[in-house]
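*Asks:* Right, I'll just put the structure down here and ask away after.
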Amino acid sequence: MKSHSELTSVPLPATITGRRELDRDTSLFQLLLDDEKAAREFTFAPGQFIQLSVPAGGEAPISLASPPADDGSMELCVRRVGHVTSMLHELDVGGRLGVRGPYGRGFPVTAWQGKNILLLAGGLGIAPLRSLLYFILLHRAEFGDLTLMYGAREPSAILFKEELAELSSRRDMHLFLTVDFATDEPPEGLICHTGLLPSLLKGVNFATENTIAALCGPPALYRCAIDELQSFGFTPDSIFLSLERRMKCGVGLCCHCAVGELFCCTDGPVFRYADIREIRGAL
Amino acid sequence: MKCSTGLFGFLPRLRHVLHFRQVNGMSCNFLKDDSLQIFLDALAAFGEVHGPVLTDDGVPAFARIVSAADLNLNYRRTLIPPKKYLMPPREKVLDFSPDRGYQLPPPPDRNIVLFGLHPCDLAGIAYLDKVFTATIPDPLYLRRRNNLFTAGLSCEPDEYCFCGEMGTGDPPLFDLFMHRVTEGFLIAAGSRRGELVISGFSTHLSEHELPPPARQACDIERAILDACARGETFQDSPLWDDFADRCLSCGACSLCCPTCYCFDVREYGCLDGETAERLREWDNCLFTEHGMVAGGLNFRKKRRERFLYRYQHKYLGFGPVSSIVACVGCGRCRAVCPVEIDLIDLFREGIDEKP
């Protein structure tokens with residue numbers, strides 16, 4: 001019988017059960033814990049992350065990109081950008097991995113019941129918001145209006161194109177897409193604006209009262225999108241964002257990820273804007 | 001600055017906690033200097049005895065001792081603090097093999113008696129205990145901590161340090177504490193294990209007058225505690241730019257700090273192409289990579305930001321050690337900095353500004 005502390009420090013074995021290429025450097029990996037009981041008990045809130053181990057490569061914090069599933073399977077949207085993720089991209093179905101977690105605080109979805117939800121995703125920031133989006137769609141009746149605004153650098157960098165095409169035909173949500181730079185190849189089957197993500201807000205009429213905005217993207221997105229949201233009447237209490245930091249341990253020990261006196265790994269990665277706006281260097 | 005202050009933050013004072021076994025104002029636990037060797041032999045029953053020595057290079061260090069003659073008991077401070085016994089500079093934390101997955105490495109095979117720890121270093125260990133055993137106990141730290149017997153030793157402060165008293169927390173800070181007096185030591189127990197040592201050794205102990213009461217705190221301690229209690233960040237102090245301009249990012253200050261515990265984690269595949277080892281090693285918040293994420297984005301790109309981060313951690317705390325002052329007044333960082341940066345200047349400036 002393993003102790004609690006051992007369970008938080010020793011990764012559980014997991015296997016890649018599916019892999020889908022999303023763009024040249026980004027793939028969606030589906031994982032399942034090897035131990036059936038551990039897999040059945042594996043659940044999480046959208047916005048939480050795991051520490052993913054790639055043997056001989058090491059460990060990296062990765063957002064869960066799917067909603068919690070009954071069979072304990074999880075999806076991770078990972079770009080090949082560092083040492084661990086590059087080694088992960090060498091693996092395919094059947095590849096052996098390790099998982100610790102889930103860690104951190106996700107989006108407080110139970111407190112959002114009955115509210116309208118606006119999701120703003122920039123680039124790879126779509127990963128945790130995809131988990132949140134499908135969670136809301138699975139519990140659709142418990143929430144008000146649902147809108148996803150997603151911006152990518154260029155048409156080829158739009159992730160999950162097929163899923164977006166499906167989502168665009170749904171009547172129970174709104175979808176808006178934009179790219180920073182238009183190219184000669186428009187995204188197939190998708191209506192896409194040109195301009196930075198916050199520019200999408202300008203063209204839309206929505207009530208900010210009783211609405212929550214959830215953001216994930218690079219720091220530059222936060223700085224301009226938050227100003228824009230506030231100018232529409234969103235209060236700092238109703239804006240939630242997921243921060244990125246160097247998180248080596250995931251449990252508040254290694255001290256790389258502090259934001260003011262908070263830890264991104266244990267107090268975040270999802271923060272209410274009102275709680276971090278006074279902290280220098282948070283955004 | 002020649003002053004002696006109480007230990008910072010969370011610790012009550014020595015005089016309240018050092019319970020010398022006493023009769024009519026006399027302590028019964030006096031160990032004469034010439035009995036030190038047989039006392040060390042008795043301690044060796046608990047494990048390998050380590051204590052302050054002077055290395056061949058002339059560096060004060062904690063190392064294994066075979067006889068009392070190896071000890072350098074009049075030392076001021078070792079270069080590397082005793083944290084090396086609880087979280088080695090580089091330590092294997094996991095083994096990976098394809099058939100067994102990730103597993104903790106075998107536990108350490110020896111107990112260690114750490115003899116001659118000054119009060120500041122005992123406080124440093126107490127702080128690490130809070131970090132690594134409070135919320136989510138770290139299995140590797142716990143194993144090493146349970147295998148460590150601590151014997152404290154009173155000290156004489158020099159111009160760099162600002163701690164001279166001794167406190168305790170819960171669990172106790174030490175197993176034994178030795179108070180230096182003329183021609184010997186007065187010994188107090190801080191744990192059941194310590195009591196057992198004293199009772200088993202009582203035939204070699206004799207009566208002695210109790211030590212004089214502990215000394216009073218000095219201004220700088222008050223200034224530091226007050227500033228930390230009000231969450232002072234000195235955001236607008238011109239000293240930060242001065243520090244950042246001079247700092248070489250050598251990292252000596254946190255390397256030698258008894259309470260700096262940031263660690264990095266690395267994993268290396270073995271030459272067999274199948275197994276791997278995961279290591280954790282001391283990291284340093286003044287290094288450029290400390291705040292960098294994959295892709296090169298750095299959340300503390302400027303040295304000034306890294307200094308503020310260090311200050312935040314040391315004096316205001318993060319997470320589970322939030323609002324606990326981590327500085328124990330050992331003076332190592334002030335003594336080793338090659339460009340004489342002294343964070344205490346921030347607090348001293350605060351004193352000067354007062355009417």
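Numbering starts fresh at 1 for the residues of each chain in the structure tokens, the chains themselves are lettered A, B, ... in the order given, and ligands are numbered from 1 as they appear.
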Once you count only C-alpha atoms, what closest atom pair and distance in Å to one decimal does each residue of chain B within 7 Å of chain A have, with rows by chain and rising residue number, as JSON lines?
*Replies:*
{"residue": "B:Phe96", "atom": "CA", "partner": "A:Pro55", "partner_atom": "CA", "distance": 7.0}
{"residue": "B:Gly101", "atom": "CA", "partner": "A:Pro13", "partner_atom": "CA", "distance": 6.1}
{"residue": "B:Tyr102", "atom": "CA", "partner": "A:Pro11", "partner_atom": "CA", "distance": 6.2}
{"residue": "B:Gln103", "atom": "CA", "partner": "A:Val10", "partner_atom": "CA", "distance": 6.4}
{"residue": "B:Ile136", "atom": "CA", "partner": "A:Ser5", "partner_atom": "CA", "distance": 6.1}
{"residue": "B:Pro137", "atom": "CA", "partner": "A:Ser5", "partner_atom": "CA", "distance": 5.5}
{"residue": "B:Asp138", "atom": "CA", "partner": "A:Ser5", "partner_atom": "CA", "distance": 6.1}
{"residue": "B:Pro139", "atom": "CA", "partner": "A:Ser5", "partner_atom": "CA", "distance": 6.1}
{"residue": "B:Cys262", "atom": "CA", "partner": "A:Cys254", "partner_atom": "CA", "distance": 4.8}
{"residue": "B:Phe263", "atom": "CA", "partner": "A:Cys254", "partner_atom": "CA", "distance": 5.1}
{"residue": "B:Asp264", "atom": "CA", "partner": "A:Lys248", "partner_atom": "CA", "distance": 6.7}
{"residue": "B:Val265", "atom": "CA", "partner": "A:Lys248", "partner_atom": "CA", "distance": 6.6}
{"residue": "B:Arg266", "atom": "CA", "partner": "A:Gly58", "partner_atom": "CA", "distance": 6.1}
{"residue": "B:Glu267", "atom": "CA", "partner": "A:Gly58", "partner_atom": "CA", "distance": 4.8}
{"residue": "B:Tyr268", "atom": "CA", "partner": "A:Ala56", "partner_atom": "CA", "distance": 5.1}
{"residue": "B:Gly269", "atom": "CA", "partner": "A:Ala56", "partner_atom": "CA", "distance": 4.2}
{"residue": "B:Ala276", "atom": "CA", "partner": "A:Ala56", "partner_atom": "CA", "distance": 5.1}
{"residue": "B:His290", "atom": "CA", "partner": "A:His256", "partner_atom": "CA", "distance": 6.3}
{"residue": "B:Gly291", "atom": "CA", "partner": "A:Arg246", "partner_atom": "CA", "distance": 6.1}
{"residue": "B:Met292", "atom": "CA", "partner": "A:Arg246", "partner_atom": "CA", "distance": 6.2}
{"residue": "B:Val293", "atom": "CA", "partner": "A:Arg246", "partner_atom": "CA", "distance": 5.1}
{"residue": "B:Ala294", "atom": "CA", "partner": "A:Gly82", "partner_atom": "CA", "distance": 5.0}
{"residue": "B:Gly295", "atom": "CA", "partner": "A:Val81", "partner_atom": "CA", "distance": 5.6}
{"residue": "B:Gly317", "atom": "CA", "partner": "A:Glu261", "partner_atom": "CA", "distance": 6.5}
{"residue": "B:Phe318", "atom": "CA", "partner": "A:Glu261", "partner_atom": "CA", "distance": 4.6}
{"residue": "B:Gly319", "atom": "CA", "partner": "A:Leu262", "partner_atom": "CA", "distance": 5.8}
{"residue": "B:Ser322", "atom": "CA", "partner": "A:Glu261", "partner_atom": "CA", "distance": 6.8}
*Asks:* Now that the selection is made, can you save its residues with C-alpha atoms as a short mmCIF file (atom, residue, chain, number, x, y, z; two decimals), in the first residue's frame?
*Replies:*
data_model
loop_
_atom_site.label_atom_id
_atom_site.label_comp_id
_atom_site.auth_asym_id
_atom_site.auth_seq_id
_atom_site.Cartn_x
_atom_site.Cartn_y
_atom_site.Cartn_z
CA PHE B 96 12.70 3.99 -13.94
CA GLY B 101 7.87 1.87 -13.96
CA TYR B 102 8.98 4.66 -11.64
CA GLN B 103 9.99 3.70 -8.12
CA ILE B 136 2.50 17.09 1.49
CA PRO B 137 5.27 15.13 3.21
CA ASP B 138 8.20 14.46 0.92
CA PRO B 139 9.11 10.76 1.32
CA CYS B 262 14.48 25.44 -4.38
CA PHE B 263 15.21 22.40 -6.45
CA ASP B 264 15.33 21.50 -10.11
CA VAL B 265 14.46 18.05 -11.40
CA ARG B 266 16.32 16.31 -14.23
CA GLU B 267 16.09 12.89 -15.75
CA TYR B 268 18.79 10.98 -17.53
CA GLY B 269 18.48 7.80 -19.54
CA ALA B 276 16.51 6.00 -16.32
CA HIS B 290 14.75 29.79 -12.74
CA GLY B 291 11.64 31.47 -14.13
CA MET B 292 11.94 30.25 -17.72
CA VAL B 293 9.43 27.93 -19.35
CA ALA B 294 9.74 25.76 -22.45
CA GLY B 295 9.96 27.92 -25.53
CA GLY B 317 7.22 33.37 2.25
CA PHE B 318 5.22 31.47 -0.35
CA GLY B 319 2.48 28.87 -0.02
CA SER B 322 3.68 32.10 3.80
#
*Asks:* Record the distance separating atom CA of Glu154 of chain A and atom CA of Phe206 of chain A, expressed in Å with one decimal.
*Replies:*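 Atom CA of Phe206 of chain A lies at a distance of 26.5 Å from atom CA of Glu154 of chain A.
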*Asks:* As a VMD selection string, please: every residue in segment 71-141 of chain A that a backbone DSSP assignment puts in alpha helix (DSSP H).
*Replies:* chain A and resid 83 to 88 126 to 138
*Asks:* When DSSP works through the backbone of this structure, what residues of segment 194-324 of chain B end up as strand (DSSP E or B), shown as a count of residues only?
*Replies:* 20
*Asks:* In terms of the shortest atom-to-atom distance over only C-alpha atoms, which of B:Val131, B:Leu79, B:Ala45, B:Ala69 is closest to Ala326 of chain B?
*Replies:*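 Using only C-alpha atoms, the shortest distance to Ala326 of chain B belongs to B:Val131.
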*Asks:* Find the distance between atom CA of Gly116 of chain B and atom CA of Gly152 of chain B and write it in Å to one decimal.
*Replies:*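 Between atom CA of Gly116 of chain B and atom CA of Gly152 of chain B the gap is 5.1 Å.
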*Asks:* Find the spatial neighbours of Thr17 of chain A, counting only C-alpha atoms, within a cut-off of 10 Å - ignore same-chain residues fewer than 2 positions away - and output them as a list of chain:residue names.
*Replies:*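 Here the answer would be A:Ala14, A:Thr15, A:Arg19, A:Phe29, A:Gln30, A:Leu31, A:Leu32, A:Leu33, A:Ser73, A:Met74, A:Glu75, A:Asp92, A:Val93, A:Gly94, A:Gly95, A:Arg96.
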*Asks:* With distances taken over only C-alpha atoms, which of B:Cys155, B:Ile187, B:Cys250, B:Ala63 is nearest to Tyr75 of chain B?
*Replies:*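 Going through B:Cys155, B:Ile187, B:Cys250, B:Ala63 one by one, the smallest distance to Tyr75 of chain B is for B:Cys155.
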*Asks:* Do you know which residues are at most 12 Å from Arg170 of chain A counting only C-alpha atoms, after dropping those on the same chain fewer than 4 positions away, and could you put them as a PyMOL selection string?
*Replies:* chain A and resi 137+146-148+163-166+174-175
*Asks:* So the first atom is atom CA of Leu255 of chain B and the second is atom CA of Cys120 of chain B; what is the distance between them in Å, to one decimal place?
*Replies:* 16.0 Å
*Asks:* Neighbouring residues of Arg90 of chain B were defined as those with any atom within 12 Å, considering only C-alpha atoms; residues of the same chain fewer than 4 positions away were excluded. Please report them as a count of residues only.
*Replies:* 17
*Asks:* Nearest to Asp129 of chain B among B:Leu153, B:Val49, B:Cys257, B:Leu142, with distances taken over only C-alpha atoms: which residue is it?
*Replies:* B:Leu142
*Asks:* Skipping near chain neighbours, those fewer than 2 positions away, what residues fall within 9 Å of segment 106-110 of chain A using only C-alpha atoms, listed as a VMD selection string?
*Replies:* chain A and resid 44 to 49 103 to 104 112 to 113 132 135 to 136 214 240 to 242 268 to 271
*Asks:* Would you mind exporting N, CA and C atoms of the selected residues as a PDB file, in the first residue's frame?
*Replies:*
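Generated output (selection.pdb):
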ATOM      1  N   PHE A  44     -10.971  14.894 -12.512  1.00  0.00           N
ATOM      2  CA  PHE A  44     -10.338  16.211 -12.365  1.00  0.00           C
ATOM      3  C   PHE A  44     -11.341  17.288 -12.752  1.00  0.00           C
ATOM      4  N   ALA A  45     -10.953  18.535 -12.497  1.00  0.00           N
ATOM      5  CA  ALA A  45     -11.777  19.667 -12.933  1.00  0.00           C
ATOM      6  C   ALA A  45     -11.118  20.284 -14.163  1.00  0.00           C
ATOM      7  N   PRO A  46     -11.903  20.778 -15.126  1.00  0.00           N
ATOM      8  CA  PRO A  46     -11.300  21.474 -16.264  1.00  0.00           C
ATOM      9  C   PRO A  46     -10.378  22.581 -15.750  1.00  0.00           C
ATOM     10  N   GLY A  47      -9.191  22.690 -16.350  1.00  0.00           N
ATOM     11  CA  GLY A  47      -8.231  23.708 -15.911  1.00  0.00           C
ATOM     12  C   GLY A  47      -7.113  23.124 -15.068  1.00  0.00           C
ATOM     13  N   GLN A  48      -7.304  21.913 -14.534  1.00  0.00           N
ATOM     14  CA  GLN A  48      -6.230  21.273 -13.777  1.00  0.00           C
ATOM     15  C   GLN A  48      -5.188  20.708 -14.740  1.00  0.00           C
ATOM     16  N   PHE A  49      -4.032  20.337 -14.190  1.00  0.00           N
ATOM     17  CA  PHE A  49      -2.964  19.800 -15.038  1.00  0.00           C
ATOM     18  C   PHE A  49      -2.398  18.526 -14.419  1.00  0.00           C
ATOM     19  N   TYR A 103      -3.256  18.062 -10.616  1.00  0.00           N
ATOM     20  CA  TYR A 103      -2.804  19.076  -9.681  1.00  0.00           C
ATOM     21  C   TYR A 103      -3.454  20.431  -9.956  1.00  0.00           C
ATOM     22  N   GLY A 104      -3.362  21.296  -8.950  1.00  0.00           N
ATOM     23  CA  GLY A 104      -3.789  22.683  -9.103  1.00  0.00           C
ATOM     24  C   GLY A 104      -5.288  22.865  -8.983  1.00  0.00           C
ATOM     25  N   TRP A 112     -20.375  28.398 -11.305  1.00  0.00           N
ATOM     26  CA  TRP A 112     -20.795  29.087 -12.531  1.00  0.00           C
ATOM     27  C   TRP A 112     -22.165  28.637 -13.027  1.00  0.00           C
ATOM     28  N   GLN A 113     -22.822  27.777 -12.295  1.00  0.00           N
ATOM     29  CA  GLN A 113     -24.113  27.257 -12.783  1.00  0.00           C
ATOM     30  C   GLN A 113     -25.108  28.396 -13.000  1.00  0.00           C
ATOM     31  N   LEU A 132     -12.780  22.617 -20.646  1.00  0.00           N
ATOM     32  CA  LEU A 132     -13.901  23.361 -20.057  1.00  0.00           C
ATOM     33  C   LEU A 132     -15.108  23.391 -21.000  1.00  0.00           C
ATOM     34  N   PHE A 135     -16.810  20.081 -21.065  1.00  0.00           N
ATOM     35  CA  PHE A 135     -17.462  19.871 -19.775  1.00  0.00           C
ATOM     36  C   PHE A 135     -18.813  20.606 -19.760  1.00  0.00           C
ATOM     37  N   ILE A 136     -18.800  21.848 -20.226  1.00  0.00           N
ATOM     38  CA  ILE A 136     -20.047  22.630 -20.239  1.00  0.00           C
ATOM     39  C   ILE A 136     -21.060  22.001 -21.197  1.00  0.00           C
ATOM     40  N   ALA A 214     -13.557  33.257 -19.330  1.00  0.00           N
ATOM     41  CA  ALA A 214     -12.431  32.377 -18.997  1.00  0.00           C
ATOM     42  C   ALA A 214     -11.417  32.472 -20.123  1.00  0.00           C
ATOM     43  N   PHE A 240     -11.579  34.933 -15.352  1.00  0.00           N
ATOM     44  CA  PHE A 240     -10.714  33.855 -14.860  1.00  0.00           C
ATOM     45  C   PHE A 240      -9.664  33.553 -15.913  1.00  0.00           C
ATOM     46  N   LEU A 241      -8.424  33.350 -15.468  1.00  0.00           N
ATOM     47  CA  LEU A 241      -7.398  33.037 -16.444  1.00  0.00           C
ATOM     48  C   LEU A 241      -6.458  31.960 -15.929  1.00  0.00           C
ATOM     49  N   SER A 242      -5.885  31.252 -16.863  1.00  0.00           N
ATOM     50  CA  SER A 242      -4.976  30.166 -16.524  1.00  0.00           C
ATOM     51  C   SER A 242      -3.555  30.637 -16.823  1.00  0.00           C
ATOM     52  N   GLY A 268      -3.097  28.026  -8.291  1.00  0.00           N
ATOM     53  CA  GLY A 268      -3.590  28.153  -9.666  1.00  0.00           C
ATOM     54  C   GLY A 268      -3.633  26.780 -10.268  1.00  0.00           C
ATOM     55  N   PRO A 269      -3.439  26.579 -11.545  1.00  0.00           N
ATOM     56  CA  PRO A 269      -3.054  27.620 -12.503  1.00  0.00           C
ATOM     57  C   PRO A 269      -4.202  28.558 -12.879  1.00  0.00           C
ATOM     58  N   VAL A 270      -5.441  28.202 -12.504  1.00  0.00           N
ATOM     59  CA  VAL A 270      -6.550  29.091 -12.824  1.00  0.00           C
ATOM     60  C   VAL A 270      -6.718  30.098 -11.682  1.00  0.00           C
ATOM     61  N   PHE A 271      -6.627  31.371 -12.020  1.00  0.00           N
ATOM     62  CA  PHE A 271      -6.793  32.423 -11.025  1.00  0.00           C
ATOM     63  C   PHE A 271      -7.950  33.329 -11.420  1.00  0.00           C
TER      64      PHE A 271
END
